[in-house]
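First up is the structure itself, then whatever we jot down about it.
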Amino acid sequence: MKRQAYLAILAAALLLATRLASAGPPGQLQLPSFDSLTGKSSQSVNITLDSTLLGLAASFLDSNKPEEAAARQVVSGLQGIYVRSYTFNKDFAYPTAEVEAVRKQLVPPTWQRLVQVRSKDQDNVDIYISADRGRANGLVIIASDPREFTIVNIVGSIDLQKLHQLEGKFGVPKLQLSVGK
Amino acid sequence: MSNDLDASLRAALRPVDPGEGLTQKVLAAIEQDTAGQPGPPPARQSGWRWASVALTVALLLGLGTAHQWQVRRQERGLEARRQLIEALQVTSAKLDVAYRVVNDEEKTENGS
C-alpha cells in the first residue's frame, strides 16, 4: 500500500515537472508547427532563438558598431525570440484555425491587448503584452494581410525604449513610436 | 698403480696454451654485458614508446576536436546573429504597419 502511494506521488511529480518544462517561461506562446504552410508559401521565415542562441548571437554582435551595440542592448534582457512569417501568392491561403489557436492563448489576465489595428487594406495587426508585477515579460505581434501572415513572440524583459533605439538601423524603418506614453 | 695414476693426473692437468682469441673473447663478453645493464628491459622500452605515441595521438585528436568545436560554434553564432537581425527587422516592420495605420486614421479623423 505504501509502495503504491509512493509510486502515485512519483508519477504526479513527474507529470508536473513535464508540464512545467513544456510550458516554457512566462510570456512564451505554444506556437503551432505550421508545417503545412511551408510548402504553400512563396516565402517563409521561421526563427527560433531561445536564451542560449540569443546569448550566442549577442556575443557575435560587434559592440563598436552603434547599430549592433543597440541590438545587443535590446536582447540583453530577453529569453527568446520566435518569428513565424509566411508570404503567399494567393489571397488568404493561410489556415485561420492555426491563427485562432494562437489567439486563444492570448487571454487575460496574463495577456493584455495593447493595440488592435484593422485597416481598409486589410492590414491587421494585434499587439499583446504579458506582464508580471508591472514588468513586461512577453510581447506578441500577430500581423496579417491577404497575402502575408506573421507571428512574433518576444519573451523576457522587454524595453520598448531600447527597441526604439533600433530605428533606422539594420534597415529597420523609422517607427516614430511615442515611447513612454 | 700409484705411478700410473700420478702420470695420468699430471697429463690431464698439464698447462695448455689458451690461444690468441681468448683475451678478445673475454673483453667482448664483458663489454656486451656492461652495455646491456643500465637500460630497462626491451618490453619496458616498448611500453614507453607506445605510451608516448598514444599521448601524441590523443593530443592531436584533442586539438582537432577543439578546433572543430570552435568552427561549429562560430558558424552557429553567425547564423544566430543573422536570425536575430532578421527577427528584429520583421518585428520593427510589423510595428511600423500598426503605427502607419493608427497614424493614418488619426489624420483622417483630424481632417474630417
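Each chain of the C-alpha cells is named A, B, ... in the order shown, its residues numbered from 1; ligands are numbered from 1 in display order.
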**Report entry** Counting only C-alpha atoms, chain B residues within 7 Å of chain A, as a list in words
**Finding:** Gly77, Leu78, Ala80, Arg81, Gln83, Leu84, Ala87, Gln89, Thr91, Ser92, Ala93, Lys94, Asp96, Ala98 and Val101 of chain B
Query raised in the report: Can you tell me, as a list in words, what residues are no more than 10 Å from Lys90 of chain A when counting only C-alpha atoms, ignoring any on the same chain fewer than 6 positions away?
Result: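 The residues that qualify are Lys40, Ser41, Ser42, Pro146, Arg147 and Glu148 of chain A.
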Would you save the residues from that selection as a compact mmCIF listing (two decimals), in the first residue's frame, using C-alpha atoms?
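The result, written out as again-v6.txt:
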```
# COMPACT_ATOMS: atom_id res chain seq x y z
CA LYS A 40 2.21 26.51 -49.75
CA SER A 41 4.00 29.77 -49.07
CA SER A 42 6.18 31.56 -51.57
CA PRO A 146 -4.41 38.91 -47.51
CA ARG A 147 -1.07 37.50 -48.65
CA GLU A 148 1.02 37.50 -45.52
```
Query raised in the report: To one decimal place, how far is atom CA of Val155 of chain A from atom CA of Gly27 of chain A in Å?
Result: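 Atom CA of Gly27 of chain A lies at a distance of 5.4 Å from atom CA of Val155 of chain A.
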Requested in this report: Could you tell me how far atom CA of Leu31 of chain A lies from atom CA of Val90 of chain B, in Å and to one decimal?
Outcome: 17.0 Å
